[in-house]
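The data block below is start_5.tsv; it holds TSV, C-alpha atoms and all ligand atoms.
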```tsv
chain	number	residue	atom	x	y	z
T	10	MET	CA	17.07	4.75	26.09
T	11	ASP	CA	18.00	5.80	22.58
T	12	ASN	CA	15.26	8.15	21.49
T	13	GLU	CA	15.39	6.90	17.91
T	14	SER	CA	14.64	3.32	18.79
T	15	GLN	CA	11.77	3.98	21.17
T	16	VAL	CA	8.46	2.85	19.75
T	17	GLU	CA	5.87	5.64	19.97
T	18	PHE	CA	3.03	3.73	18.25
T	19	GLN	CA	2.66	0.03	17.59
T	20	ILE	CA	-0.25	-1.02	15.41
T	21	LYS	CA	-0.98	-4.70	14.96
T	22	ASP	CA	-3.42	-6.29	12.53
T	23	LEU	CA	-5.79	-3.31	12.75
T	24	HIS	CA	-9.20	-3.83	11.14
T	25	LYS	CA	-11.88	-1.16	10.95
T	26	SER	CA	-15.16	-1.23	9.09
T	27	PHE	CA	-18.19	1.03	8.84
T	28	ASP	CA	-21.58	-0.56	8.17
T	29	GLY	CA	-19.99	-3.75	6.85
T	30	ASN	CA	-17.60	-1.84	4.61
T	31	THR	CA	-14.07	-2.78	5.70
T	32	ILE	CA	-11.67	0.14	5.38
T	33	LEU	CA	-8.60	-1.08	7.26
T	34	LYS	CA	-7.84	-4.76	6.59
T	35	GLY	CA	-4.89	-5.57	8.79
T	36	ILE	CA	-2.52	-2.65	9.33
T	37	ASP	CA	0.83	-3.45	10.96
T	38	LEU	CA	3.11	-0.53	11.77
T	39	GLU	CA	5.76	0.51	14.23
T	40	LEU	CA	6.41	4.24	14.42
T	41	TYR	CA	9.43	5.43	16.36
T	42	SER	CA	9.93	8.53	18.49
T	43	GLY	CA	11.70	11.25	16.55
T	44	GLU	CA	10.63	10.03	13.12
T	45	MET	CA	9.04	12.11	10.41
T	46	ILE	CA	6.46	9.95	8.70
T	47	ALA	CA	4.16	10.61	5.75
T	48	VAL	CA	1.03	8.54	5.22
T	49	VAL	CA	-0.13	8.54	1.62
T	50	GLY	CA	-2.63	6.63	-0.51
T	51	SER	CA	-5.59	7.33	-2.73
T	52	SER	CA	-8.57	9.29	-1.51
T	53	GLY	CA	-10.80	7.15	0.71
T	54	CYS	CA	-8.13	4.52	1.43
T	55	GLY	CA	-8.40	5.09	5.17
T	56	LYS	CA	-5.67	7.55	6.14
T	57	THR	CA	-7.93	9.72	8.28
T	58	VAL	CA	-9.62	6.61	9.68
T	59	LEU	CA	-6.18	5.39	10.77
T	60	LEU	CA	-5.44	8.76	12.39
T	61	ASN	CA	-8.78	8.79	14.19
T	62	SER	CA	-8.18	5.23	15.37
T	63	ILE	CA	-4.86	6.30	16.92
T	64	LEU	CA	-6.61	9.30	18.49
T	65	GLY	CA	-9.01	6.91	20.19
T	66	GLN	CA	-12.02	8.37	18.37
T	67	TYR	CA	-13.70	5.05	17.82
T	68	SER	CA	-13.46	1.37	18.50
T	69	PHE	CA	-12.04	-0.98	15.89
T	70	ASP	CA	-13.03	-4.50	14.91
T	71	LYS	CA	-9.82	-6.40	15.39
T	72	GLY	CA	-6.15	-5.87	16.20
T	73	SER	CA	-4.51	-3.44	18.57
T	74	ILE	CA	-2.95	-0.01	18.88
T	75	SER	CA	-0.35	0.51	21.56
T	76	ILE	CA	0.87	3.94	22.50
T	77	LEU	CA	3.91	5.11	24.41
T	78	ASP	CA	2.37	6.14	27.70
T	79	ARG	CA	4.16	9.35	28.65
T	80	THR	CA	1.87	10.09	31.55
T	81	HIS	CA	3.83	7.93	33.98
T	82	GLU	CA	7.46	8.16	34.97
T	83	ASN	CA	8.43	4.83	33.41
T	84	TRP	CA	7.32	5.27	29.86
T	85	ASN	CA	6.02	2.10	28.32
T	86	LEU	CA	3.82	0.92	25.52
T	87	LYS	CA	0.23	0.55	26.59
T	88	ASN	CA	-2.73	-0.82	24.69
T	89	LEU	CA	-5.18	1.92	23.74
T	90	ASN	CA	-8.05	-0.23	25.00
T	91	ASP	CA	-6.52	-0.14	28.48
T	92	PHE	CA	-6.68	3.66	28.65
T	93	SER	CA	-9.69	5.21	30.35
T	94	ALA	CA	-11.28	8.27	28.74
T	95	LEU	CA	-9.42	10.40	31.28
T	96	ASP	CA	-6.12	8.68	30.48
T	97	ILE	CA	-6.70	9.38	26.81
T	98	ASP	CA	-7.21	13.06	27.58
T	99	ASP	CA	-3.96	12.91	29.51
T	100	ILE	CA	-2.13	11.35	26.57
T	101	HIS	CA	-3.58	14.02	24.28
T	102	ARG	CA	-1.74	16.66	26.34
T	103	HIS	CA	1.38	15.35	24.67
T	104	TRP	CA	0.05	15.40	21.13
T	105	GLY	CA	-0.81	18.15	18.73
T	106	VAL	CA	-3.25	17.56	15.90
T	107	VAL	CA	-3.78	19.69	12.81
T	108	PHE	CA	-7.01	18.35	11.41
T	109	GLN	CA	-8.04	18.15	7.78
T	110	ARG	CA	-9.91	21.49	7.32
T	111	ASN	CA	-8.21	22.90	10.45
T	112	ALA	CA	-11.25	22.46	12.72
T	113	LEU	CA	-10.86	25.89	14.24
T	114	PHE	CA	-13.21	26.99	16.99
T	115	SER	CA	-15.55	29.88	16.45
T	116	GLY	CA	-14.26	32.79	18.47
T	117	SER	CA	-11.05	34.76	18.49
T	118	VAL	CA	-7.56	33.74	17.43
T	119	TYR	CA	-6.56	33.92	21.09
T	120	PHE	CA	-9.46	31.71	22.17
T	121	ASN	CA	-8.38	29.04	19.67
T	122	ILE	CA	-4.98	28.76	21.31
T	123	ALA	CA	-6.11	29.37	24.87
T	124	LEU	CA	-8.89	26.80	25.15
T	125	TRP	CA	-6.83	23.61	25.29
T	126	LEU	CA	-4.07	25.25	27.32
T	127	LYS	CA	-6.68	26.18	29.88
T	128	GLU	CA	-8.91	23.11	29.77
T	129	ILE	CA	-6.43	20.34	29.06
T	130	LYS	CA	-3.28	21.75	30.65
T	131	GLY	CA	-4.97	23.92	33.28
T	132	LEU	CA	-2.56	26.84	32.77
T	133	GLU	CA	-2.99	30.36	34.16
T	134	ASP	CA	-3.96	33.28	31.90
T	135	ASP	CA	-0.59	35.05	31.98
T	136	LEU	CA	1.28	31.95	30.92
T	137	ILE	CA	-1.31	31.19	28.22
T	138	LYS	CA	-0.86	34.69	26.83
T	139	SER	CA	2.90	34.34	26.52
T	140	ILE	CA	2.59	30.85	24.98
T	141	ALA	CA	0.05	32.21	22.47
T	142	GLU	CA	2.39	35.07	21.55
T	143	SER	CA	5.33	32.81	20.86
T	144	ALA	CA	3.25	30.15	19.06
T	145	LEU	CA	1.82	32.80	16.71
T	146	ALA	CA	5.27	34.28	16.12
T	147	SER	CA	6.71	30.88	15.28
T	148	VAL	CA	4.13	30.35	12.52
T	149	ASP	CA	4.74	33.88	11.22
T	150	LEU	CA	1.38	35.27	12.27
T	151	PRO	CA	1.03	38.64	14.00
T	152	ASN	CA	0.89	38.29	17.78
T	153	ASP	CA	-0.40	41.69	18.81
T	154	LYS	CA	-3.62	42.23	20.76
T	155	GLN	CA	-5.55	43.33	17.70
T	156	PHE	CA	-4.78	40.14	15.79
T	157	MET	CA	-5.43	37.92	18.77
T	158	GLU	CA	-8.89	39.44	19.10
T	159	LYS	CA	-9.70	38.83	15.45
T	160	SER	CA	-12.37	36.23	14.73
T	161	SER	CA	-11.04	32.92	13.38
T	162	ASN	CA	-13.77	33.14	10.71
T	163	ALA	CA	-12.08	36.22	9.28
T	164	LEU	CA	-8.77	34.51	8.47
T	165	SER	CA	-7.60	33.52	4.99
T	166	GLY	CA	-7.04	29.82	4.26
T	167	GLY	CA	-3.28	30.11	4.77
T	168	MET	CA	-3.68	32.04	8.02
T	169	ALA	CA	-6.25	29.55	9.32
T	170	LYS	CA	-3.83	26.70	8.61
T	171	ARG	CA	-1.09	28.57	10.46
T	172	LEU	CA	-3.40	29.17	13.39
T	173	ALA	CA	-4.27	25.45	13.47
T	174	ILE	CA	-0.54	24.68	13.58
T	175	ALA	CA	0.08	27.38	16.23
T	176	ARG	CA	-2.68	25.82	18.33
T	177	ALA	CA	-1.12	22.38	17.98
T	178	ILE	CA	2.42	23.48	18.84
T	179	SER	CA	1.28	25.63	21.75
T	180	MET	CA	0.74	22.33	23.59
T	181	ASP	CA	4.50	21.64	23.17
T	182	PRO	CA	3.69	18.17	21.87
T	183	TYR	CA	5.93	15.13	21.55
T	184	VAL	CA	3.84	13.98	18.64
T	185	LEU	CA	2.38	16.12	15.88
T	186	PHE	CA	-0.25	14.80	13.51
T	187	TYR	CA	-1.02	16.79	10.38
T	188	ASP	CA	-3.96	15.71	8.20
T	189	GLU	CA	-3.55	17.37	4.78
T	190	PRO	CA	-1.69	20.40	6.11
T	191	THR	CA	-1.30	22.12	2.73
T	192	THR	CA	-4.56	21.50	0.89
T	193	GLY	CA	-6.19	24.66	-0.37
T	194	LEU	CA	-3.00	26.71	-0.08
T	195	ASP	CA	-1.18	28.50	-2.86
T	196	PRO	CA	2.37	27.27	-3.63
T	197	ALA	CA	4.10	30.00	-1.60
T	198	SER	CA	1.97	29.33	1.49
T	199	SER	CA	2.51	25.59	1.05
T	200	THR	CA	6.26	26.08	0.95
T	201	ASN	CA	6.06	28.07	4.17
T	202	ILE	CA	4.08	25.28	5.82
T	203	HIS	CA	6.63	22.68	4.64
T	204	GLU	CA	9.38	24.74	6.29
T	205	LEU	CA	7.30	25.16	9.40
T	206	ILE	CA	6.71	21.42	9.71
T	207	PHE	CA	10.43	20.82	9.19
T	208	ASN	CA	11.46	23.43	11.75
T	209	ILE	CA	8.97	22.29	14.38
T	210	HIS	CA	10.07	18.71	13.87
T	211	ASN	CA	13.68	19.67	14.40
T	212	THR	CA	13.11	21.80	17.48
T	213	ASN	CA	13.57	19.48	20.41
T	214	MET	CA	11.34	19.48	23.45
T	215	GLU	CA	12.51	21.31	26.55
T	216	ASP	CA	13.71	17.99	28.00
T	217	GLY	CA	15.78	17.33	24.86
T	218	SER	CA	13.38	14.73	23.40
T	219	LYS	CA	12.82	14.72	19.68
T	220	ARG	CA	9.39	15.24	18.24
T	221	THR	CA	7.56	12.72	16.11
T	222	SER	CA	5.71	14.11	13.10
T	223	ILE	CA	3.04	12.16	11.23
T	224	ILE	CA	1.81	13.85	8.08
T	225	ILE	CA	-1.12	12.64	5.98
T	226	THR	CA	-0.79	14.17	2.55
T	227	HIS	CA	-1.14	14.05	-1.23
T	228	ASP	CA	1.37	16.91	-1.53
T	229	LYS	CA	4.24	15.68	-3.67
T	230	ASP	CA	6.26	18.87	-3.09
T	231	LEU	CA	6.02	18.35	0.66
T	232	LEU	CA	7.37	14.82	0.26
T	233	SER	CA	10.14	15.96	-2.10
T	234	ARG	CA	11.27	18.63	0.36
T	235	LEU	CA	10.94	16.75	3.63
T	236	ARG	CA	11.77	13.24	2.33
T	237	PRO	CA	10.08	11.44	5.23
T	238	ARG	CA	9.65	7.74	5.89
T	239	THR	CA	6.73	7.09	3.57
T	240	ILE	CA	3.87	4.73	4.28
T	241	MET	CA	1.34	4.02	1.56
T	242	LEU	CA	-2.03	2.49	2.35
T	243	HIS	CA	-3.71	0.55	-0.39
T	244	HIS	CA	-6.76	-1.70	-0.22
T	245	GLY	CA	-6.76	-1.45	3.56
T	246	LYS	CA	-3.17	-2.57	4.04
T	247	VAL	CA	0.31	-1.09	4.18
T	248	HIS	CA	1.46	-1.39	0.59
T	249	PHE	CA	4.77	0.44	1.00
T	250	ASP	CA	6.83	1.44	4.00
T	251	GLY	CA	10.27	2.91	3.41
T	252	PRO	CA	12.30	6.01	2.63
T	253	PHE	CA	10.75	8.55	0.24
T	254	ASP	CA	13.75	8.06	-2.08
T	255	GLU	CA	12.63	4.47	-2.67
T	256	PHE	CA	8.98	5.42	-2.95
T	257	GLU	CA	9.81	8.01	-5.57
T	258	LYS	CA	11.88	5.56	-7.61
T	259	SER	CA	9.48	2.65	-7.30
T	260	ARG	CA	8.19	1.13	-10.52
T	261	SER	CA	5.35	-0.66	-8.69
T	262	ASP	CA	2.13	-0.57	-10.67
T	263	VAL	CA	0.30	0.59	-7.56
T	264	ILE	CA	2.75	3.31	-6.53
T	265	ARG	CA	3.52	4.72	-9.97
T	266	PRO	CA	-0.05	5.69	-10.94
T	267	TYR	CA	-0.69	7.11	-7.46
T	268	PHE	CA	2.52	9.11	-7.63
T	269	GLU	CA	1.52	10.56	-10.98
T	270	MET	CA	-1.97	11.37	-9.68
T	271	MET	CA	-0.79	13.09	-6.49
T	272	PRO	CA	-0.96	16.68	-7.82
T	273	VAL	CA	-4.50	16.08	-9.08
T	274	LEU	CA	-5.62	14.52	-5.80
T	275	HIS	CA	-3.97	17.31	-3.84
T	276	LYS	CA	-5.86	19.91	-5.86
T	277	GLN	CA	-9.16	18.03	-5.73
T	278	MET	CA	-8.98	17.72	-1.98
T	279	SER	CA	-9.19	21.46	-1.56
T	280	GLU	CA	-12.09	21.81	-3.95
T	281	ASP	CA	-14.70	19.24	-3.15
T	282	LYS	CA	-13.77	17.31	-0.07
T	283	GLU	CA	-16.33	17.21	2.68
T	284	VAL	CA	-15.03	16.23	6.07
T	285	ASP	CA	-16.92	14.42	8.77
T	286	ALA	CA	-16.72	17.29	11.21
T	287	SER	CA	-18.60	15.49	13.95
T	288	LEU	CA	-15.48	13.48	14.73
T	289	TYR	CA	-13.54	16.64	15.40
T	290	LYS	CA	-15.98	18.32	17.68
T	291	ARG	CA	-14.52	19.37	20.97
T	292	LYS	CA	-16.67	21.22	23.41
T	293	GLY	CA	-19.20	21.87	20.63
T	294	LEU	CA	-17.34	24.92	19.39
T	295	LEU	CA	-16.23	23.83	15.97
T	296	VAL	CA	-16.58	26.07	12.93
T	297	GLU	CA	-16.50	24.67	9.43
X	1	LIG	N1	-17.49	7.94	10.47
X	1	LIG	C1	-17.59	7.25	9.33
X	1	LIG	N2	-18.72	6.56	9.02
X	1	LIG	C2	-18.81	5.84	7.88
X	1	LIG	N3	-17.83	5.76	6.96
X	1	LIG	C3	-16.69	6.44	7.20
X	1	LIG	C4	-16.51	7.21	8.41
X	1	LIG	N4	-15.28	7.76	8.37
X	1	LIG	C5	-14.72	7.35	7.21
X	1	LIG	N5	-15.56	6.56	6.51
X	1	LIG	C6	-15.27	5.93	5.22
X	1	LIG	O1	-14.00	5.32	5.30
X	1	LIG	C7	-13.31	5.47	4.06
X	1	LIG	C8	-11.95	6.05	4.32
X	1	LIG	O2	-12.10	7.38	4.73
X	1	LIG	P1	-10.89	8.31	5.12
X	1	LIG	O3	-11.47	9.61	5.54
X	1	LIG	O4	-10.00	7.63	6.07
X	1	LIG	O5	-10.14	8.45	3.72
X	1	LIG	P2	-8.76	9.18	3.43
X	1	LIG	O6	-7.76	8.15	3.05
X	1	LIG	O7	-8.43	10.07	4.57
X	1	LIG	O8	-9.13	10.01	2.13
X	1	LIG	P3	-8.79	11.52	1.72
X	1	LIG	O9	-7.41	11.47	1.10
X	1	LIG	O10	-9.84	11.81	0.71
X	1	LIG	O11	-8.87	12.38	2.94
X	1	LIG	C9	-14.20	6.32	3.17
X	1	LIG	O12	-14.90	5.44	2.32
X	1	LIG	C10	-15.14	6.98	4.13
X	1	LIG	O13	-16.39	7.23	3.54
X	2	MG	MG	-8.45	12.10	4.90
```
So that I can check it, write out the structure of this file as structure tokens.
Amino acid sequence: MDNESQVEFQIKDLHKSFDGNTILKGIDLELYSGEMIAVVGSSGCGKTVLLNSILGQYSFDKGSISILDRTHENWNLKNLNDFSALDIDDIHRHWGVVFQRNALFSGSVYFNIALWLKEIKGLEDDLIKSIAESALASVDLPNDKQFMEKSSNALSGGMAKRLAIARAISMDPYVLFYDEPTTGLDPASSTNIHELIFNIHNTNMEDGSKRTSIIITHDKDLLSRLRPRTIMLHHGKVHFDGPFDEFEKSRSDVIRPYFEMMPVLHKQMSEDKEVDASLYKRKGLLVE
């Protein structure tokens, strides 16, 4: 099948509320394998809630999310509700997630990369070591023993972001989710991350499949460089879905003010945003 036309995620009429407060009010989306997609929209509009819904982190009120089930030989779209918890873990083998605030584990750099490779993929130590070395090299981090033994708490913001990306790509994922990958970084580090996202996206899997990248961001420079399919959420719905070129040119009185505000939002995010870390806890090892 043509890789480009294969649906990776199909979201229909998705509704999600918390304590009577409806955040998602009917999201319809089809995301295709091999696409680079940015999800934008004002702070609190539900971007991370949408990501967590796709990740199977919580139940939703109405609608459906179907996912390309890569765990069986005949890939097909399968409703998230029909996956068992074990199946979801299996699906997650094929995804890499760079969480808002990185969600690194306490422990060494090596441990951060090794944990999922060991526990989710069940790989042997020697193989894990060589994967860790090449993942660190591909994000331009040192990959010697001394660096790998360094505590993740001792890394700068830019290095921590790189480590979060190295951890995600070490799983050799079909799908990469990035939630605010450049917040808190200086312009030079941000530019490096933009290039990294671009390069990872354009490095095919071993079997020749293209990767799908889904980037939640307020970073206008990232959008200008990568020019992804752009999806804007507004008032719980998809307000815009199209090429970045059209988004950028739009005169819509919803898009225009958001577009102008993006640099401010991007900066604010790094300064005062608290993240609900409990959602990201895996094995109780999270550091924030
Ligand atoms: N676990 C939760 N319990 C209660 N409310 C929640 C929970 N998670 C998210 N919300 C609420 O849902 C709304 C959307 O949150 P979300 O984190 O998706 O925003 P966002 O679009 O990612 O914003 P930002 O750009 O600031 O990251 C917010 O009002 C938030 O308080
Ligand atoms: Mg968010």
TODO: List all protein, DNA and RNA residues that have an atom no more than 9 Å from any atom of ligand LIG 1 (chain X), counting all atoms listed in the file, and report them as an NGL selection string.
DONE: :T and (25-28 or 30-33 or 49-61 or 67 or 109 or 188-189 or 225-227 or 242 or 274-275 or 277-278 or 282-285 or 287-288)
TODO: Can you work out which one of T:Val107, T:Ser261, T:Leu235, T:Lys127 has the shortest atom-to-atom distance to ligand MG 2 (chain X), counting all atoms listed in the file?
DONE: T:Val107
Task: Who sits within 12 Å of T:Phe92, only C-alpha atoms, same chain under 2 positions skipped, as JSON, numbers by chain - done: {"T": [64, 65, 74, 75, 76, 77, 78, 80, 86, 87, 88, 89, 90, 94, 95, 96, 97, 98, 99, 100, 101]}
Open item on the list: What does the structure give for the distance between atom CA of T:Ala173 and atom CA of T:Pro190, in Å to one decimal?
Closed with: 9.3 Å
TODO: Work out how far apart atom CA of T:Glu82 and atom CA of T:Tyr41 are and give it in Å to one decimal.
DONE: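 Computing it gives 18.9 Å between the two atoms.
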TODO: Please indicate the distance in Å from atom CA of T:Ser165 to atom CA of T:Glu133, rounded to one decimal place.
DONE: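 Between these atoms lies a distance of 29.7 Å.
Of the residues under consideration (T:Glu257, T:Glu17, T:Glu215, T:Glu204), T:Glu17 shows the shortest atom-to-atom contact distance to T:Asn85 when counting only C-alpha atoms.
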Task: Distance query 12 Å from (-13.7, 35.9, 10.2) using all atoms listed in the file, result as a list in words - done: Leu113, Phe114, Ser115, Gly116, Ser117, Val118, Phe156, Glu158, Lys159, Ser160, Ser161, Asn162, Ala163, Leu164, Ser165, Gly166, Met168, Ala169, Val296 and Glu297 of chain T
- [ ] Return the single residue from T:Leu205, T:Ile264, T:Val48, T:Ile129 that is closest to ligand MG 2 (chain X), with distances computed using all atoms listed in the file.
- [x] T:Val48
Open item on the list: Nearest residue to ligand MG 2 (chain X) out of T:Ser143, T:Asn152, T:Ser179, T:Thr192, using only C-alpha atoms and all ligand atoms?
Closed with: T:Thr192
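When the distance limit is 6 Å and all atoms listed in the file are what count, the residues near T:Ile20, minus those fewer than 5 positions from it on the same chain, are Asp37, Leu38, Ser73 and Ile74 of chain T.
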Open item on the list: Let me make sure I understand: among T:Phe186, T:Tyr267, T:Phe108, T:Phe253, which one has the smallest atom-to-atom distance to ligand MG 2 (chain X) if we use all atoms listed in the file?
Closed with: T:Phe108
- [ ] Please determine the residues with any atom at most 7 Å from (-5.6, -4.0, 11.1) (coordinates as given in the file, with all atoms listed in the file counting) and report them as a list in words.
- [x]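 So the residues meeting the distance criterion are Lys21, Asp22, Leu23, His24, Lys25, Leu33, Lys34, Gly35, Ile36, Asp37, Lys71 and Gly72 of chain T.
Nearest residue to T:Lys258 among T:Ser233, T:Asn213, T:Ser68, T:Ala144 is T:Ser233, counting only C-alpha atoms.
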